[in-house]
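S.K.: My file is data.csv. It has CSV, C-alpha atoms:
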```
chain,number,residue,atom,x,y,z
A,1,MET,CA,69.0,108.3,130.3
A,2,ILE,CA,71.8,108.5,127.8
A,3,GLU,CA,73.4,111.8,126.8
A,4,SER,CA,74.7,112.6,123.3
A,5,ARG,CA,77.1,115.5,123.1
A,6,GLY,CA,77.5,115.1,119.4
A,7,THR,CA,76.3,113.2,116.4
A,8,VAL,CA,77.4,112.1,112.9
A,9,VAL,CA,75.9,112.0,109.4
A,10,ILE,CA,76.8,108.7,107.7
A,11,ALA,CA,77.0,108.7,103.9
A,12,ALA,CA,75.8,105.1,103.8
A,13,GLU,CA,75.6,105.0,100.0
A,14,ARG,CA,79.4,105.1,99.6
A,15,CYS,CA,80.3,102.9,102.6
A,16,LYS,CA,82.2,99.8,101.6
A,17,GLY,CA,81.5,97.9,104.8
A,18,CYS,CA,85.1,97.7,106.1
A,19,GLU,CA,84.0,98.0,109.8
A,20,LEU,CA,87.1,100.1,110.7
A,21,CYS,CA,84.8,102.7,112.5
A,22,ILE,CA,83.4,100.1,114.9
A,23,PRO,CA,86.5,99.5,117.1
A,24,ALA,CA,87.7,103.1,116.5
A,25,CYS,CA,84.7,104.7,118.3
A,26,PRO,CA,85.8,105.5,121.9
A,27,PRO,CA,82.3,105.5,123.4
A,28,LYS,CA,81.5,102.3,121.4
A,29,VAL,CA,78.2,103.7,119.9
A,30,LEU,CA,78.7,102.5,116.4
A,31,ARG,CA,77.7,99.0,115.3
A,32,MET,CA,77.0,97.2,112.1
A,33,SER,CA,73.3,97.6,111.2
A,34,GLY,CA,72.7,94.4,109.2
A,35,GLU,CA,71.4,96.6,106.4
A,36,ARG,CA,73.1,96.8,103.0
A,37,ASN,CA,73.5,99.6,100.6
A,38,ALA,CA,73.3,99.6,96.8
A,39,ILE,CA,76.8,98.0,96.4
A,40,GLY,CA,75.9,95.3,98.9
A,41,ALA,CA,78.1,96.5,101.7
A,42,GLU,CA,76.8,96.3,105.3
A,43,VAL,CA,76.6,99.8,106.8
A,44,PRO,CA,77.1,101.0,110.4
A,45,GLU,CA,74.5,102.7,112.6
A,46,LEU,CA,74.7,105.1,115.5
A,47,LEU,CA,73.4,104.5,119.1
A,48,ALA,CA,72.9,107.2,121.7
A,49,GLY,CA,75.9,108.4,123.5
A,50,CYS,CA,78.0,109.9,120.7
A,51,THR,CA,80.6,112.5,121.9
A,52,GLY,CA,81.3,114.1,118.6
A,53,CYS,CA,85.0,113.3,118.9
A,54,GLY,CA,85.5,112.5,115.2
A,55,ALA,CA,87.5,109.3,115.6
A,56,CYS,CA,85.3,107.6,113.0
A,57,LEU,CA,86.0,110.4,110.5
A,58,LEU,CA,89.7,109.9,110.9
A,59,VAL,CA,89.7,106.1,110.3
A,60,CYS,CA,87.1,106.0,107.5
A,61,PRO,CA,88.8,105.2,104.2
A,62,ASP,CA,85.6,106.2,102.2
A,63,PHE,CA,85.0,109.6,103.8
A,64,CYS,CA,81.5,108.6,105.1
A,65,PHE,CA,81.4,110.6,108.3
A,66,GLU,CA,80.5,114.2,109.0
A,67,ILE,CA,80.7,115.3,112.7
A,68,TYR,CA,78.4,117.6,114.7
A,69,ARG,CA,78.6,118.8,118.2
A,70,PHE,CA,75.3,119.9,119.9
A,71,GLU,CA,75.1,123.3,121.5
A,72,THR,CA,73.3,121.6,124.4
A,73,PRO,CA,73.7,117.9,124.9
A,74,GLN,CA,70.7,115.8,123.8
A,75,THR,CA,69.3,113.1,126.1
A,76,HIS,CA,67.7,109.9,125.0
A,77,PRO,CA,65.6,107.5,127.0
A,78,GLY,CA,66.7,103.9,127.4
A,79,ALA,CA,70.1,102.2,127.0
A,80,GLY,CA,72.6,103.3,124.5
A,81,ALA,CA,75.6,101.2,123.7
A,82,ALA,CA,75.7,97.7,125.1
A,83,SER,CA,77.9,97.9,128.2
M,84,MET,CA,65.0,100.0,118.2
M,85,SER,CA,64.4,103.3,119.7
M,86,ASP,CA,68.0,104.1,120.7
M,87,ILE,CA,69.3,104.2,117.1
M,88,ILE,CA,70.1,107.7,116.1
M,89,ARG,CA,69.1,108.9,112.6
M,90,THR,CA,72.3,109.6,110.6
M,91,ASP,CA,71.0,110.2,107.1
M,92,ARG,CA,70.7,114.0,107.5
M,93,PRO,CA,72.2,116.7,109.7
M,94,PRO,CA,70.7,117.0,113.3
M,95,GLU,CA,67.6,119.1,113.8
M,96,ALA,CA,68.8,120.4,117.2
M,97,ALA,CA,71.3,123.3,117.3
M,98,ALA,CA,74.7,121.9,116.5
M,99,ARG,CA,78.1,123.0,115.2
M,100,LYS,CA,79.7,121.1,112.4
M,101,THR,CA,83.2,120.1,113.6
M,102,GLY,CA,84.3,117.6,110.9
M,103,GLU,CA,83.7,117.6,107.2
M,104,PHE,CA,83.4,114.4,105.1
M,105,MET,CA,86.6,115.2,103.2
M,106,PRO,CA,89.6,117.6,103.4
M,107,THR,CA,89.1,120.9,101.6
M,108,LEU,CA,91.8,120.0,99.1
M,109,GLN,CA,89.9,117.0,97.9
M,110,LEU,CA,87.6,117.2,94.9
M,111,SER,CA,85.4,114.1,95.6
M,112,THR,CA,84.9,111.3,98.0
M,113,ASP,CA,84.7,108.8,95.2
M,114,HIS,CA,87.7,106.4,94.8
M,115,ASP,CA,88.1,102.8,93.7
M,116,LEU,CA,90.5,101.5,96.4
M,117,CYS,CA,89.5,98.4,98.3
M,118,PRO,CA,87.4,98.3,101.5
M,119,GLY,CA,89.6,98.8,104.6
M,120,CYS,CA,92.5,100.4,102.7
M,121,GLY,CA,94.7,102.7,104.7
M,122,GLU,CA,95.9,104.9,101.8
M,123,PRO,CA,92.9,107.3,101.8
M,124,LEU,CA,93.6,108.0,105.5
M,125,ALA,CA,97.2,108.9,104.7
M,126,LEU,CA,95.9,111.1,101.9
M,127,ARG,CA,93.8,113.0,104.5
M,128,THR,CA,96.9,113.7,106.6
M,129,VAL,CA,98.8,115.1,103.7
M,130,LEU,CA,96.0,117.3,102.3
M,131,GLU,CA,95.1,118.7,105.7
M,132,SER,CA,98.7,119.5,106.5
M,133,ILE,CA,99.0,121.5,103.2
M,134,VAL,CA,95.9,123.5,104.1
M,135,ASP,CA,97.2,124.0,107.7
M,136,LEU,CA,100.4,125.6,106.4
M,137,GLY,CA,98.5,127.8,103.9
M,138,MET,CA,100.4,126.3,101.0
M,139,SER,CA,97.3,125.2,98.9
M,140,GLN,CA,98.2,127.5,96.0
M,141,GLN,CA,102.0,126.8,96.2
M,142,CYS,CA,102.2,123.1,96.3
M,143,VAL,CA,103.2,120.4,93.8
M,144,GLY,CA,102.9,116.7,94.4
M,145,VAL,CA,105.0,114.2,92.6
M,146,ILE,CA,103.2,110.9,92.4
M,147,GLY,CA,104.7,107.4,92.0
M,148,ILE,CA,103.1,104.3,90.6
M,149,GLY,CA,100.8,102.3,92.9
M,150,CYS,CA,97.2,102.0,94.1
M,151,TYR,CA,97.5,105.5,95.5
M,152,THR,CA,98.0,106.9,92.0
M,153,ALA,CA,94.2,106.4,91.6
M,154,LEU,CA,93.7,109.0,94.3
M,155,THR,CA,95.2,111.7,92.0
M,156,SER,CA,91.9,112.2,90.3
M,157,ILE,CA,90.4,113.5,93.6
M,158,MET,CA,93.3,115.6,94.8
M,159,ASP,CA,93.0,119.4,94.2
M,160,VAL,CA,96.7,120.2,94.1
M,161,ASP,CA,99.1,120.4,91.2
M,162,LEU,CA,100.6,117.0,90.4
M,163,ILE,CA,103.3,115.5,88.3
M,164,GLN,CA,103.2,111.8,87.5
M,165,ALA,CA,106.7,110.3,87.8
M,166,LEU,CA,108.0,107.0,86.5
M,167,HIS,CA,108.3,104.0,88.9
M,168,GLY,CA,110.4,105.1,91.8
M,169,ARG,CA,111.7,108.3,90.2
M,170,ALA,CA,109.5,110.7,92.1
M,171,PRO,CA,112.3,112.0,94.4
M,172,SER,CA,114.4,113.0,91.3
M,173,VAL,CA,111.4,114.8,89.7
M,174,ALA,CA,110.8,116.5,93.0
M,175,THR,CA,114.4,117.6,93.1
M,176,GLY,CA,114.1,119.3,89.7
M,177,SER,CA,110.8,120.9,90.7
M,178,LYS,CA,112.2,122.3,93.9
M,179,ARG,CA,115.3,123.7,92.3
M,180,MET,CA,113.1,125.5,89.7
M,181,ARG,CA,110.5,126.6,92.2
M,182,PRO,CA,112.2,126.9,95.6
M,183,GLU,CA,109.3,128.8,97.2
M,184,THR,CA,106.9,125.9,96.4
M,185,LEU,CA,106.1,123.0,98.8
M,186,ILE,CA,107.1,119.9,97.0
M,187,PHE,CA,106.1,116.4,98.2
M,188,THR,CA,106.3,113.0,96.7
M,189,LEU,CA,103.7,110.3,97.3
M,190,GLN,CA,105.2,106.8,96.9
M,191,GLY,CA,104.4,103.3,97.9
M,192,ASP,CA,106.9,100.8,99.4
M,193,GLY,CA,107.2,99.0,96.1
M,194,ASP,CA,107.8,102.2,94.3
M,195,MET,CA,110.3,103.7,96.7
M,196,ALA,CA,112.1,100.6,98.2
M,197,ASN,CA,112.1,98.3,95.2
M,198,GLU,CA,111.9,100.3,92.0
M,199,GLY,CA,113.6,103.5,93.0
M,200,LEU,CA,115.7,102.9,96.1
M,201,GLN,CA,118.7,104.7,94.8
M,202,GLU,CA,116.7,107.8,93.8
M,203,VAL,CA,115.5,108.4,97.4
M,204,ILE,CA,118.9,107.6,99.0
M,205,HIS,CA,120.7,110.1,96.8
M,206,THR,CA,118.0,112.7,97.2
M,207,ALA,CA,118.3,112.4,101.0
M,208,ALA,CA,122.1,112.4,100.9
M,209,ARG,CA,122.1,115.6,98.8
M,210,GLY,CA,119.8,117.2,101.4
M,211,GLU,CA,117.3,118.3,98.8
M,212,SER,CA,114.5,120.3,100.5
M,213,VAL,CA,111.7,118.0,99.4
M,214,THR,CA,109.4,115.9,101.5
M,215,CYS,CA,108.9,112.2,100.6
M,216,ILE,CA,105.7,110.5,101.8
M,217,LEU,CA,106.1,106.7,101.8
M,218,LEU,CA,102.9,104.7,102.1
M,219,ASN,CA,104.1,101.3,103.3
M,220,ASN,CA,101.8,98.3,103.3
M,221,GLY,CA,104.3,95.6,102.6
M,222,VAL,CA,102.8,94.5,99.3
M,223,PHE,CA,102.7,95.6,95.6
M,224,GLY,CA,99.0,96.2,95.9
M,225,GLU,CA,98.4,97.5,92.4
M,226,THR,CA,100.0,94.7,90.5
M,227,GLY,CA,98.5,91.8,92.4
M,228,GLY,CA,99.8,91.8,96.0
M,229,HIS,CA,103.3,90.3,95.8
M,230,MET,CA,106.1,90.8,98.2
M,231,THR,CA,108.1,94.0,98.4
M,232,ALA,CA,111.4,94.9,100.0
M,233,THR,CA,109.6,96.1,103.2
M,234,THR,CA,107.4,93.0,103.7
M,235,VAL,CA,108.1,91.9,107.2
M,236,ILE,CA,109.3,88.4,108.2
M,237,GLY,CA,106.3,86.0,108.4
M,238,GLN,CA,104.0,88.2,106.4
M,239,ARG,CA,101.9,86.4,103.8
M,240,THR,CA,101.8,87.8,100.3
M,241,LYS,CA,101.0,86.3,96.9
M,242,ASN,CA,104.5,84.9,96.5
M,243,SER,CA,105.2,84.2,100.1
M,244,LEU,CA,102.1,82.3,101.0
M,245,ASP,CA,103.7,80.6,104.0
M,246,GLY,CA,105.0,83.9,105.3
M,247,ARG,CA,108.2,85.7,104.3
M,248,ASP,CA,111.1,83.5,105.3
M,249,ALA,CA,114.4,85.3,105.8
M,250,ALA,CA,116.5,82.3,104.6
M,251,TYR,CA,114.6,82.2,101.3
M,252,HIS,CA,113.3,85.7,100.7
M,253,GLY,CA,115.8,87.8,102.5
M,254,HIS,CA,115.2,90.5,105.1
M,255,PRO,CA,113.0,93.6,104.9
M,256,ILE,CA,114.5,97.0,104.4
M,257,ASP,CA,113.8,99.5,107.2
M,258,MET,CA,113.4,102.7,105.1
M,259,ILE,CA,113.5,105.2,108.0
M,260,GLY,CA,116.4,103.4,109.6
M,261,LEU,CA,118.2,103.6,106.3
M,262,LEU,CA,117.5,107.2,105.5
M,263,ALA,CA,117.5,108.9,108.9
M,264,PRO,CA,121.3,108.7,109.5
M,265,LEU,CA,122.1,110.4,106.2
M,266,GLY,CA,123.6,113.8,106.6
M,267,GLY,CA,121.1,115.5,104.3
M,268,THR,CA,118.1,114.2,106.2
M,269,ALA,CA,116.6,116.9,108.4
M,270,TYR,CA,113.4,115.1,109.5
M,271,ALA,CA,112.5,111.4,109.5
M,272,ALA,CA,109.4,109.8,111.1
M,273,ARG,CA,107.2,106.8,110.8
M,274,GLY,CA,103.5,107.0,111.5
M,275,SER,CA,100.7,104.5,111.3
M,276,VAL,CA,97.0,104.9,110.4
M,277,HIS,CA,95.8,101.9,112.4
M,278,ASP,CA,93.6,104.0,114.7
M,279,ALA,CA,92.4,107.6,115.1
M,280,ALA,CA,95.3,108.5,117.4
M,281,GLY,CA,97.7,107.1,114.9
M,282,VAL,CA,96.1,109.2,112.1
M,283,ALA,CA,96.3,112.3,114.3
M,284,LYS,CA,100.0,111.7,115.1
M,285,THR,CA,100.8,111.0,111.5
M,286,ARG,CA,99.2,114.3,110.5
M,287,ARG,CA,101.5,116.1,113.0
M,288,MET,CA,104.5,114.3,111.5
M,289,VAL,CA,103.6,115.3,107.9
M,290,ARG,CA,103.2,118.8,109.1
M,291,ARG,CA,106.5,118.9,110.8
M,292,ALA,CA,108.2,117.4,107.7
M,293,PHE,CA,106.6,120.1,105.5
M,294,GLU,CA,107.8,122.8,108.0
M,295,ALA,CA,111.3,121.4,107.9
M,296,GLN,CA,111.2,121.7,104.1
M,297,LEU,CA,109.8,125.2,104.1
M,298,ARG,CA,112.6,126.3,106.5
M,299,GLY,CA,115.1,124.8,104.0
M,300,ASP,CA,116.5,122.4,106.6
M,301,GLY,CA,117.0,119.6,104.0
M,302,PHE,CA,115.4,116.3,103.1
M,303,SER,CA,112.4,115.2,105.1
M,304,ILE,CA,110.6,111.8,105.0
M,305,VAL,CA,107.5,110.5,106.6
M,306,GLU,CA,106.7,106.8,106.3
M,307,ILE,CA,103.1,106.0,106.8
M,308,LEU,CA,102.2,102.3,107.6
M,309,THR,CA,98.8,101.6,105.9
M,310,MET,CA,96.5,98.6,105.9
M,311,CYS,CA,96.1,96.4,102.9
M,312,PRO,CA,93.6,93.6,104.0
M,313,THR,CA,93.3,92.5,100.4
M,314,GLY,CA,97.0,91.9,100.0
M,315,TRP,CA,97.4,90.4,103.5
M,316,PHE,CA,94.5,87.9,103.0
M,317,ILE,CA,92.7,89.0,106.2
M,318,PRO,CA,89.2,90.4,106.9
M,319,THR,CA,89.1,94.2,106.7
M,320,GLU,CA,88.3,94.7,110.4
M,321,GLU,CA,91.5,92.8,111.4
M,322,GLY,CA,93.7,95.1,109.3
M,323,PRO,CA,94.5,97.7,112.0
M,324,ASP,CA,95.5,95.1,114.6
M,325,TYR,CA,97.7,93.3,112.1
M,326,LEU,CA,99.3,96.6,111.1
M,327,ASP,CA,100.0,97.5,114.7
M,328,THR,CA,101.3,94.1,115.9
M,329,VAL,CA,102.9,92.4,112.9
M,330,MET,CA,104.2,95.4,110.8
M,331,GLY,CA,104.6,97.8,113.7
M,332,GLU,CA,107.0,95.4,115.5
M,333,ILE,CA,109.6,95.6,112.7
M,334,HIS,CA,108.8,99.1,111.4
M,335,VAL,CA,108.8,101.0,114.7
M,336,THR,CA,106.7,104.2,114.7
M,337,GLY,CA,107.7,107.6,116.0
M,338,GLU,CA,110.1,110.4,115.1
M,339,TRP,CA,113.5,109.2,114.3
M,340,LYS,CA,115.2,112.4,113.4
M,341,ARG,CA,114.2,116.0,114.2
M,342,ASP,CA,116.0,119.2,113.4
M,343,GLY,CA,118.8,117.1,111.9
M,344,GLN,CA,119.4,115.2,115.2
M,345,LEU,CA,118.9,111.4,115.4
M,346,LEU,CA,116.6,110.6,118.3
M,347,GLN,CA,117.2,106.9,118.7
M,348,GLN,CA,121.0,106.3,118.9
M,349,ALA,CA,122.3,102.8,118.4
M,350,ALA,CA,123.7,101.3,121.6
M,351,ASP,CA,127.5,101.0,122.1
M,352,PRO,CA,128.9,97.5,121.7
M,353,PRO,CA,129.6,95.7,124.9
M,354,GLU,CA,133.2,95.7,126.3
M,355,ALA,CA,135.4,92.9,125.0
M,356,ASP,CA,135.8,90.2,127.7
```
Any chance you could put this one into structure tokens?

M.R.:
Amino acid sequence: MIESRGTVVIAAERCKGCELCIPACPPKVLRMSGERNAIGAEVPELLAGCTGCGACLLVCPDFCFEIYRFETPQTHPGAGAAS
Amino acid sequence: MSDIIRTDRPPEAAARKTGEFMPTLQLSTDHDLCPGCGEPLALRTVLESIVDLGMSQQCVGVIGIGCYTALTSIMDVDLIQALHGRAPSVATGSKRMRPETLIFTLQGDGDMANEGLQEVIHTAARGESVTCILLNNGVFGETGGHMTATTVIGQRTKNSLDGRDAAYHGHPIDMIGLLAPLGGTAYAARGSVHDAAGVAKTRRMVRRAFEAQLRGDGFSIVEILTMCPTGWFIPTEEGPDYLDTVMGEIHVTGEWKRDGQLLQQAADPPEAD
């Protein structure tokens, strides 16, 4: 079981695919999805295990992240980030 | 895969929003800067510091010429556009006419260190109560990515393709090292936006610089090292590491002067033998 204390909303339509959020994420739950948006940029996706710390928001040059913290942590079956 | 979380809409479970897409003093998220650019991160630190200090309605920014000038269309503060490098002098005039106002300049390294070096030196030496924000990426990004006065030794730019060579191109100027010792400088610090902790630290530096200005302590400057993967000819994801290791080695981050006191004193010369 993986626990998510928070989550993010990703405005994928304005992502320019710079990948700065991937190493910035402390629990390593962001990865590139392989999918592209309308401008042809590869966008990130979120795996289970987000803590809602907001590091992605601070390093995103294109203001693509909005941060939420759950009132009660959410659990997900299966593996989250590759360990 | 089942473990991918949906991120195209707010969560359905009860949750509290703890981070907005953009600072409250920003009008839009739309800008035309390159992927991986560090300047929007620096903009965030400045706009959030203004709001933190409750100066949103009493704030004037003086903007130099560079890539960051494109960000003025999304900044919800009063702005004056200065000529190349002349922002500190325009800021001086603005502060003298409106002493209760928070005045800051936004300048690049080409703008401040190449085009208008004397303006910022004299503004600092006079101890004008303005805050200069220097966005240093080591290249003239807007005009094609050539070398500036702060380009570090070994850094590749459009006209130093084999890396800056001290014997041929000269040495970089350390702007904080230059301005911090001046008597009129009350606060001098250098931050970096290469990671989340760096952005948070930089935001504290900008806030402290603004506080020094509002107390009337004198000149304050925060240099913010920003990524320019386009100008450095590297992939966007390598920008933060390059910034931290190559630029950060020469342009040392941290507070250099606080409350008018230098924090990193030069060592004494060794005794003659």

S.K.: Smallest atom-to-atom distance to Phe65 in chain A: which of A:Ile2, A:Ala38, A:Ala24, A:Val8, using all atoms listed in the file?

M.R.: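 Smallest distance to Phe65 in chain A is found for A:Val8.
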
S.K.: I'd like the neighbourhood of Glu225 in chain M as a list in words, where a residue qualifies if any of its atoms comes within 7 Å (using only C-alpha atoms), though same-chain residues fewer than 2 positions away should be ignored.

M.R.: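 Counting only C-alpha atoms, the residues come to Gly149, Cys150, Phe223, Gly227 and Gly228 of chain M.
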
S.K.: Distance CA of Gly331 in chain M-CA of Arg273 in chain M, one decimal place?

M.R.: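 Interatomic distance, CA of Gly331 in chain M to CA of Arg273 in chain M: 9.8 Å.
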
S.K.: Each residue of chain M lying at most 10 Å from chain A should get a row with its shortest atom-to-atom pair and the distance in Å to one decimal, counting only C-alpha atoms; could you produce that, ordered by chain and increasing number, as a tab-separated table?

M.R.:
```
residue	atom	partner	partner_atom	distance
M:Met84	CA	A:Leu47	CA	9.6
M:Ser85	CA	A:Gly78	CA	8.1
M:Asp86	CA	A:Leu47	CA	5.6
M:Ile87	CA	A:Leu47	CA	4.6
M:Ile88	CA	A:Leu46	CA	5.3
M:Arg89	CA	A:Leu46	CA	7.4
M:Thr90	CA	A:Val9	CA	4.5
M:Asp91	CA	A:Val9	CA	5.7
M:Arg92	CA	A:Val9	CA	5.9
M:Pro93	CA	A:Val9	CA	6.0
M:Pro94	CA	A:Thr7	CA	7.4
M:Glu95	CA	A:Phe70	CA	9.9
M:Ala96	CA	A:Phe70	CA	7.1
M:Ala97	CA	A:Glu71	CA	5.7
M:Ala98	CA	A:Phe70	CA	4.0
M:Arg99	CA	A:Arg69	CA	5.2
M:Lys100	CA	A:Tyr68	CA	4.4
M:Thr101	CA	A:Ile67	CA	5.5
M:Gly102	CA	A:Ile67	CA	4.6
M:Glu103	CA	A:Glu66	CA	5.0
M:Phe104	CA	A:Glu66	CA	4.9
M:Met105	CA	A:Phe63	CA	5.9
M:Pro106	CA	A:Phe63	CA	9.2
M:Ser111	CA	A:Phe63	CA	9.4
M:Thr112	CA	A:Phe63	CA	6.0
M:Asp113	CA	A:Asp62	CA	7.5
M:His114	CA	A:Asp62	CA	7.7
M:Asp115	CA	A:Asp62	CA	9.5
M:Leu116	CA	A:Pro61	CA	8.8
M:Cys117	CA	A:Lys16	CA	8.1
M:Pro118	CA	A:Cys18	CA	5.2
M:Gly119	CA	A:Cys18	CA	4.9
M:Cys120	CA	A:Pro61	CA	6.2
M:Gly121	CA	A:Pro61	CA	6.4
M:Glu122	CA	A:Pro61	CA	7.5
M:Pro123	CA	A:Pro61	CA	5.2
M:Leu124	CA	A:Pro61	CA	5.7
M:Ala125	CA	A:Pro61	CA	9.2
M:Leu126	CA	A:Pro61	CA	9.5
M:Arg127	CA	A:Leu58	CA	8.2
M:Thr128	CA	A:Leu58	CA	9.2
M:Val276	CA	A:Val59	CA	7.4
M:His277	CA	A:Val59	CA	7.7
M:Asp278	CA	A:Ala24	CA	6.2
M:Ala279	CA	A:Ala55	CA	5.2
M:Ala280	CA	A:Ala55	CA	8.0
M:Gly281	CA	A:Val59	CA	9.3
M:Val282	CA	A:Leu58	CA	6.5
M:Ala283	CA	A:Leu58	CA	7.8
M:Pro312	CA	A:Cys18	CA	9.7
M:Pro318	CA	A:Cys18	CA	8.4
M:Thr319	CA	A:Cys18	CA	5.3
M:Glu320	CA	A:Glu19	CA	5.5
M:Glu321	CA	A:Leu20	CA	8.6
M:Gly322	CA	A:Leu20	CA	8.4
M:Pro323	CA	A:Leu20	CA	7.9
```

S.K.: Using Å and a single decimal, report how far CA of Thr184 in chain M sits from CA of Val160 in chain M.

M.R.: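 Separating CA of Val160 in chain M from CA of Thr184 in chain M is a distance of 11.9 Å.
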
S.K.: As an exercise, work out the distance from CA of Ala263 in chain M to CA of His334 in chain M in Å and give it to one decimal place.

M.R.: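 So the two atoms, CA of Ala263 in chain M and CA of His334 in chain M, lie 13.3 Å apart.
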
S.K.: Counting all atoms listed in the file, which residues have an atom no more than 6 Å from (113.1, 107.9, 99.9) in the file's coordinates? Please list them as an mmCIF file with C-alpha atoms, keeping the file's coordinate frame.

M.R.:
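Contents of result-v2.cif, as written:
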```
data_model
loop_
_atom_site.group_PDB
_atom_site.id
_atom_site.type_symbol
_atom_site.label_atom_id
_atom_site.label_comp_id
_atom_site.auth_asym_id
_atom_site.auth_seq_id
_atom_site.Cartn_x
_atom_site.Cartn_y
_atom_site.Cartn_z
ATOM 1 C CA MET M 195 110.300 103.700 96.700
ATOM 2 C CA VAL M 203 115.500 108.400 97.400
ATOM 3 C CA ILE M 204 118.900 107.600 99.000
#
```
